[in-house]
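A.B. asks: Quick one: the structure is below, questions incoming.
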Amino acid sequence: MTQPAENQPPTGAVSLAQSSPTVGTFRERDGALEWSGRQETVRIEPWGPDAVRVRTRLGGPILEGLPGALLDDAPATSSTVKIEDEQGRLTVGALTVEVSAEGLIRFLRTEDSAELLAEARAHFWWPGSRLYTAVGNGHHRLEQRFAAYDDEKLYGLGQHQHGRFDQKGLVVDLVQRNAEVGIPVLTSSRGYTLLWNNPAIGRVELAHNGTRWVADSARQIDYWITAGTPADGQRRYSAVTGRTPMLPEWAAGFWQCKLRYRTQDELLGVAREYKRRGLPISAIVCDFFHWTHLGEWKFDPAEWPDPAAMVRELAELGIKLVVSVWPSVSPLSENHPVMEQRGYFIGTQYGPMAHADWPDKEVASTVQVAFYDATNPEARQFVWSKIKENYLDPYGITAFWLDACEPELKPGFAENLRYWAGPGLEVGNIYPADNARTFHEGLSAEGEEVITLNRSAWAGSQRYGAALWSGDIGTDFPTLRRQIAAGLNTALSGIPWWNTDIGGFHGGDPSDPAYQEVMVRWFQFGALSPLMRLHGFRDPGMPLGPEMTGGPNEVWSYGERAGAVLEKYLRLRERLKPYVLDVMREAHEEGLPPMRPLFLEFPDDPAAWSVDDAYLFGADLLVAPVLTAGATARTTYLPAGATWTDAWTGTSYEGGTTVTVDAPLDRLPLFLRDGARLPVAE
């Protein structure tokens with residue numbers, strides 16, 4: 001059982017219960033505090049205001065230049081180092097770090113010396129708080145243990161479909177999978193935010209008898225921690241991992257999509273119909289299989305005979321074209337031979353460079369596709385050159401949907417992969433961020449705005465203009481309910497641009513009244529999400545392949561009654577676009593997410609830390625989505641410290657109370673903070 005921090009030997013003392021107690025050596029180096037002992041080096045250095053970076057390694061000095069999320073240069077900040085009485089102490093603003101003679105680390109709030117987080121031994125004999133188990137070639141299975149606290153709540157860790165907002169008590173895999181996005185950032189109710197700065201495959205265990213971070217194979221422990229409120233943590237974290245660009249204005253509107261528009265005429269027909277009906281629309285998506293072969297990254301002229309005319313007409317209608325780009329390359333692609341020859345694919349430790357089976361055109365069965373190695377700068381440049389040649393230069397297309405970017409391996413054995421940046425177990429989680437980087441570097445060099453829609457992400461993805469969506473999920477109310485926690489934890493993981501497939505992905509019959517209700521309630525939630533995008537594989541579906549398409553998925557596809565409500569919320573989103581863009585500017589300039597848990601704005605209200613079915617959109621608008629079938633009323637908590645006004649009725653409520661309001665099918669409960677004026681009601 002993990003030993004509570006308060007029961008461990010006092011700072012500076014050596015436990016005689018240890019098998020071989022070691023008093024290590026302290027020194028100050030370039031403003032950092034270092035401890036050495038038992039062939040281990042611990043380096044703690046200031047890394048931005050109120051924050052430090054901790055790196056530890058067995059058997060040699062700290063290594064520089066390993067893959068991670070932190071920017072190369074830390075923001076300048078003042079700090080002090082003191083070494084006395086067999087103890088080291090580093091103070092950086094609101095955060096103080098103590099290191100005992102035996103190398104145990106404690107993080108304290110400077111103003112009152114309250115413990116925020118402390119390392120904890122696994123056992124009084126062996127092992128200690130940090131464990132290195134050799135796996136060969138200088139790599140170790142790494143374990144970092146911290147104490148557990150009964151009153152602690154923990155949030156973040158990316159996007160998951162378990163439905164839990166508070167992650168305390170969970171074991172969460174640090175891995176990338178469709179709809180499961182591992183981003184190793186935690187926000188604690190104790191007043192700290194922590195980044196596990198390690199893209200290795202692993203897990204984090206948030207147990208009641210201790211917290212343990214695990215990397216299955218890596219060369220050193222590396223994490224970053226800051227003290228302060230959750231909002232302070234977001235500001236500090238985004239400063240050291242990179243802020244998101246400013247959201248392009250068009251992207252704040254409505255995105256239309258389905259699986260899939262098969263031809264140029266079909267896509268244009270939908271765009272024209274939106275305009276004929278006078279409905280707001282900002283973007284329409286050209287999904288997968290529009291290509292000649294997977295990995296050729298260009299339109300199939302048989303189905304898309306005149307992309308230039310299509311893009312031109314869409315522009316005249318005020319609609320942006322978004323094109324799906326996959327990182328996988330078919331052996332039938334003209335690019336496959338040269339990419340294989342130049343080493344641009346993810347390698348394998350055993351077997352050929354083939355990572356999944358997938359349908360392609362001109363073959364009756366699947367083929368074995370490879371994934372380009374986005375960690376390789378030359379491979380990124382090659383892929384971008386093809387995107388530029390086939391989409392940007394001839395047609396002016398600048399918006400891309402980066403699907404299957406986990407990458408979508410089948411089977412998903414990371415230990416069999418060999419990246420340019422390192423072995424699969426050591427660097428595998430960084431792939432989606434580097435894939436987004438391909439497009440960020442390319443578009444930025446052309447002077448274009450950057451936004452990509454990604455199915456996966458890692459820490460730092462936001463600096464590359466990566467929007468995340470919640471993957472291929474179900475189409476029922478329980479799935480909708482789980483997206484609230486998924487979105488809020490994504491927001492606290494530093495990814496401000498987030499959305500779901502409105503209506504879910506796997507199925508849904510547009511003619512079914514029960515599903516029409518799901519769609520209405522999901523569409524309302526989508527209208528108050530950071531990005532608003534309608535997508536899904538509606539019934540009746542077809543088998544996976546180049547000819548596939550799903551049922552209709554436009555706002556008029558769901559019957560007259562439901563369609564009228566969808567149109568209402570399309571227009572609401574359009575009215576709110578100036579506010580959406582203001583909130584997006586806060587994300588760009590301060591690192592604050594658009595979709596905010598209540599405690600981000602009201603950290604002193606204890607009740608706000610437990611609300612997992614409502615959220616703030618920006619600072620001024622509280623959103624309480626309806627998440628159950630047949631509901632005509634909604635009960636929600638309004639945080640203390642503000643006055644809240646029902647945006648539909650004008651009724652005001654004092655914060656710190658739970659209220660029940662009417663929620664007929666056409667009403668999404670919305671509350672305005674402290675007299676804020678937003679054009680909710682028409």
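Ligands are numbered from 1 in the order shown, residues from 1 within each chain, and chains are lettered A, B, ... in the order they appear in the structure tokens.
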Can you tell me, as a ChimeraX atom specification, which residues in range 440-549 of chain A count as helix (DSSP H, G or I) by DSSP?
C.D. replies: /A:440-445,461-464,477-491,513-527
A.B. asks: Compile the contact shell of Pro669 in chain A as a ChimeraX atom specification: residues with an atom at most 10 Å away, counting only C-alpha atoms, same-chain residues fewer than 5 positions apart removed.
C.D. replies: /A:524,614,622-626,633-636,646-648,660-664
A.B. asks: Need to verify the contact set: Asn416 in chain A, 7 Å, only C-alpha atoms, exclusion of same-chain residues closer than 6 positions in sequence. Can you return it as a list in words?
C.D. replies: Thr348, Gln349, Tyr350 and Gly424 of chain A
A.B. asks: DSSP on the backbone, strand (DSSP E or B) only: what residues of range 228-301 of chain A does that give? Format it as an MDAnalysis selection string.
C.D. replies: chainID A and resid 254:256 283:286 291 299
A.B. asks: Between CA of Leu186 in chain A and CA of Leu670 in chain A, what is the distance in Å, rounded to a tenth?
C.D. replies: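 If I compute the distance from CA of Leu186 in chain A to CA of Leu670 in chain A, I get 28.5 Å.
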A.B. asks: Give me the residues within 8 Å of Gly295 in chain A as an mmCIF file with C-alpha atoms, in the first residue's frame, counting only C-alpha atoms and dropping any in the same chain fewer than 2 places off.
C.D. replies:
```cif
data_model
loop_
_atom_site.group_PDB
_atom_site.id
_atom_site.type_symbol
_atom_site.label_atom_id
_atom_site.label_comp_id
_atom_site.auth_asym_id
_atom_site.auth_seq_id
_atom_site.Cartn_x
_atom_site.Cartn_y
_atom_site.Cartn_z
ATOM 1 C CA HIS A 293 -6.084 5.504 -54.397
ATOM 2 C CA TRP A 297 -4.135 12.592 -51.893
ATOM 3 C CA TRP A 326 -5.704 10.004 -44.319
ATOM 4 C CA PRO A 327 -2.110 9.229 -43.279
ATOM 5 C CA SER A 328 -2.280 5.732 -44.757
ATOM 6 C CA VAL A 329 -0.846 4.740 -48.134
ATOM 7 C CA SER A 330 -2.076 1.857 -50.282
ATOM 8 C CA SER A 333 -0.705 4.389 -54.687
ATOM 9 C CA ASN A 335 3.489 7.399 -53.892
ATOM 10 C CA HIS A 336 4.050 4.047 -52.184
#
```
